[in-house]
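Reviewing the structure listed below.
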Amino acid sequence: MDQAADQAGAVPAAGERSGSAREAVLRRVRAALADRPGPVAVPRDYDRTREAADPLALLAERIEDYRAMVHRVQAAELPARITASLAARGARRMAAPVDLPADWLVPEVAWRLDTDHSSTIEELDGIDGVLTGCAVAVAETGTLVLDAGEAQGRRMLTLLPDYHLCVVRADQVAVSLPEALARLDGTRPLTFVSGPSATSDIELNRVEGVHGPRTLEVVIVDA
Amino acid sequence: MAGRGVTWLGTPTFPKAARTALADPQLRANLRNATTTIRGKRADAVAELPDWEPLRRAGEAIKDQVLGDLDTYLERLEAAVTARGGIVHWARDADEANEIVLRLTREAGAEEVVKVKSMATAEIGLNEALAEGGVRAVETDLAELIVQLGEDRPSHILVPAIHRNRAEIREIFRREMPDVPEDITDEPKELAEAARRHLRQKFLTAKVAVSGANFAVADSGSIVVVESEGNGRMCLTLPETLITVMGIEKVVPTWSDLEVFLQLLPRSSTAERMNPYTSIWTGVTPGDGPKNFHLVLLDNGRTDTLADEVGRQALRCIRCSACLNVCPVYERTGGAAYGSVYPGPIGAILTPQLLGEDVDKQARSLPYASSLCGACFEVCPVRIDIPEVLVHLRAQAVEAKNKTSPEAVAMSALAWAMGDARRWAATQRIAGIGRLLSRGGRISSLPWPGSKWTSSRDLPAPPKETFRAWWRRTRG
Ligand code: SF4
């Protein structure tokens with residue numbers, strides 16, 4: 001790097017390389033913008049909101065397009081649905097965030113609650129699955145957004161187990177992506193999930209399940 | 001030394017490399033299949049959004065807004081990341097960025113880092129620099145892993161191993177992965193499973209991860225990484241220390257600007273409504289994710305590019321790769337022929353600009369790696385007028401060579417014709433732009449270095465129908 005010439009063509013002094021890269025880059029930016037193009041008006045005439053005849057049906061259809069399993073239930077049927085899904089999967093030991101609603105903790109399986117972030121990587125790696133809620137869902141794209149808030153827990157919880165069962169309430173569903181983003185706090189740790197982990201890197205064949213959960217199952221609670 | 005690392009040293013000039021690629025029928029078949037498939041899927045994904053054009057215009061404007069006040073937005077981003085417990089570093093060039101990452105890795109006491117696929121770290125040659133410093137970088141994206149284990153070069157921005165078929169991948173895995181089963185078949189499912197097992201332990205024990213960034217929100221300090229496999233989430237969540245290397249042009253002003261780019265990017269790129277995973281984080285969150293977060297803001301030729309009023313639009317690029325998949329030249333030559341981490345139409349304009357004054361013969365040949373058909377501009381989600389920049393760079397190259405040569409005159413005529421959308425369309429309609437340079441229906445000699453390209457095969461001069469119209473009719 002000893003020959004490095006600065007934008008202006010001057011060879012930087014020895015001390016400059018370590019200390020003031022920040023100033024140097026900012027100075028270069030300002031020099032490059034000698035013409036200061038002036039403020040740019042951003043046209044916002046794209047659709048902020050969008051109508052859908054039945055947003056929940058749209059969400060279900062779009063999630064299924066990613067080859068994830070989807071169920072729609074009434075609130076009262078939720079515990080039975082959770083039991084049935086876990087039984088079908090053969091799941092016996094399930095991880096869960098500490099604030100999961102009590103009636104989701106169905107008695108048929110052993111629950112490992114992430115109390116005080118006590119679950120270890122090894123435990124989560126070996127567990128049968130995880131059950132969470134979500135913060136927001138985007139009907140148009142079939143996306144679930146987790147923000148580490150209520151009933152979601154740390155990011156690690158939904159990453160390591162091979163199976164993720166996620167419950168979406170009707171009031172959490174937005175039709176368009178802009179509507180969904182408007183409901184979120186960008187400073188929380190966010191994970192947008194659209195189907196199970198997938199790759200298309202080998203001859204463009206879609207293979208589900210590489211590193212994230214290989215199976216995603218979603219329960220949409222109608223009311 | 002502006003854009004050090006952007007090109008692969010020792011690569012032949014584009015025309016020469018292209019001739020090799022053109023002679024490889026397997027490569028051409030793989031590429032044609034891939035680009036045709038993605039092109040078709042992308043068109044469907046885009047057609048689904050009634051407001052696609054307004055989204056593109058908004059994307060273009062937001063990026064121009066950022067570029068026009070880049071210093072302000074970078075300082076704002078730095079303040080927001082710092083306020084949330086992150087540490088911001090600045091790097092003038094590749095060496096400086098590599099030094100920072102190596103130092104931070106050593107400070108964390110790690111001999112190995114897990115990496116999320118990232119163009120910025122490929123551009124600066126981070127893996128090689130870490131290796132020189134005694135640190136092993138493990139690529140965790142399946143395609144990048146295939147390329148890394150095969151000691152190969154990536155051939156596409158989105159699907160870097162697309163030039164490899166399943167049998168080759170099986171061989172690479174059997175040779176390079178100690179834990180791979182003897183009887184593994186070449187089924188993509190089995191190969192992906194082998195990669196999962198190979199990397200799992202690395203994720204679970206890694207102390208340091210390195211990523212790039214797709215976007216960074218100046219107001220909030222939020223960093224965005226989009227991916228499919230979940231390897232990104234592993235790297236961004238499990239290790240104690242996370243180092244993100246980001247080109248300074250990746251910043252967007254506000255949170256709500258993401259509503260534009262998170263719609264434009266997946267549909268243009270993987271042709272999905274949404275990619276499987278998008279991770280967004282801000283500084284550090286106690287009890288959730290890495291304890292230390294470092295953001296390296298990389299110049300490496302970007303300010304040189306910013307200084308060019310015509311060429312700076314290349315910095316709007318969100319690396320979706322849509323322009324590769326529609327490019328008739330890329331489809332025939334593949335990514336390696338471009339000799340740069342940035343292949344295809346965007347590479348043809350970005351690579352020589354990032355190199356700035358260090359531009360070499362090979363990079364100088366890149367603006368000729370195009371038929372100027374305009375398909376890249378039509379698909380680009382941020383409306384980068386790649387043909388306009390190509391002609392601009394060609395004119396510069398010719399001017400640098402000889403200010404009064406006949407080539408310079410022809411090139412400035414081209415630049416003039418393309419300087420204005422209506423003039424350009426009119427020129428194409430009347431004559432076919434190639435006729436500006438052609439004699440008798442074939443473009444048999446382009447000015448150097450295009451001459452090397454035409455010396456291997458004549459380019460037909462576009463006759464009655466414009467190339468753009470022909471391409472749309474036959475391939476689009
Ligand atoms: S130039 Fe446009 S189309 Fe090409 S990769 Fe960049 S954003 Fe995508």
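In the structure tokens, each chain is lettered A, B, ... as it comes, each chain's residues begin at 1, and ligands are numbered from 1 in order of appearance.
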
Nearby residues (only C-alpha atoms) at most 7 Å from His211 in chain A, same-chain spacing under 6 positions excluded, as JSON, numbers by chain: {"A": [197], "B": [196, 229, 230, 231]}

Write a file of the selected residues as a compact mmCIF listing (two decimals), in the first residue's frame, keeping N, CA, C and O atoms.
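Below is the file result.txt, written as the result:
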# COMPACT_ATOMS: atom_id res chain seq x y z
N SER A 197 -36.24 -22.98 4.68
CA SER A 197 -34.92 -22.81 4.11
C SER A 197 -34.85 -23.50 2.74
O SER A 197 -35.39 -24.58 2.56
N ARG B 196 -25.00 -29.31 4.45
CA ARG B 196 -25.58 -28.97 5.75
C ARG B 196 -24.75 -29.61 6.86
O ARG B 196 -24.37 -28.95 7.82
N GLU B 229 -30.88 -19.74 2.28
CA GLU B 229 -30.58 -21.04 2.87
C GLU B 229 -30.66 -21.07 4.39
O GLU B 229 -30.82 -22.13 4.98
N GLY B 230 -30.47 -19.91 5.02
CA GLY B 230 -30.44 -19.89 6.47
C GLY B 230 -29.01 -19.87 6.98
O GLY B 230 -28.77 -19.68 8.18
N ASN B 231 -28.04 -20.07 6.07
CA ASN B 231 -26.64 -19.95 6.50
C ASN B 231 -26.35 -18.52 6.95
O ASN B 231 -25.58 -18.30 7.88

Could you pull out the alpha helix (DSSP H) residues of range 24-80 of chain A, going by DSSP on the backbone, and write them as number ranges by chain? A: 24-32, 55-65, 78-80

Set the cut-off to 7 Å and count only C-alpha atoms: what are the residues of chain A that reach chain B? Output as an MDAnalysis selection string. chainID A and resid 4:5 21:22 25:26 28:30 32:33 36:47 121 141 154:156 177:178 181 186:199 201:203 205 207 210:212

Extract the full set of strand (DSSP E) residues from range 127-163 of chain B according to DSSP on the backbone, and format it as a ChimeraX atom specification. /B:136-139

One decimal, Å: what's the distance from CA of Leu145 in chain B over to CA of Leu315 in chain B, could you say?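 One can read the CA of Leu145 in chain B to CA of Leu315 in chain B distance as 27.5 Å.
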
For ligand 1, list the contacting residues at 10 Å or closer, counting only C-alpha atoms and all ligand atoms, as number ranges by chain. B: 59-60, 157-158, 264-265, 268-269, 313-327, 342-350, 375-386

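Each of A:Ala80, A:Ala34, A:Val175, A:Leu216 was compared to Glu140 in chain A using only C-alpha atoms, and A:Val175 turns out to be the nearest.
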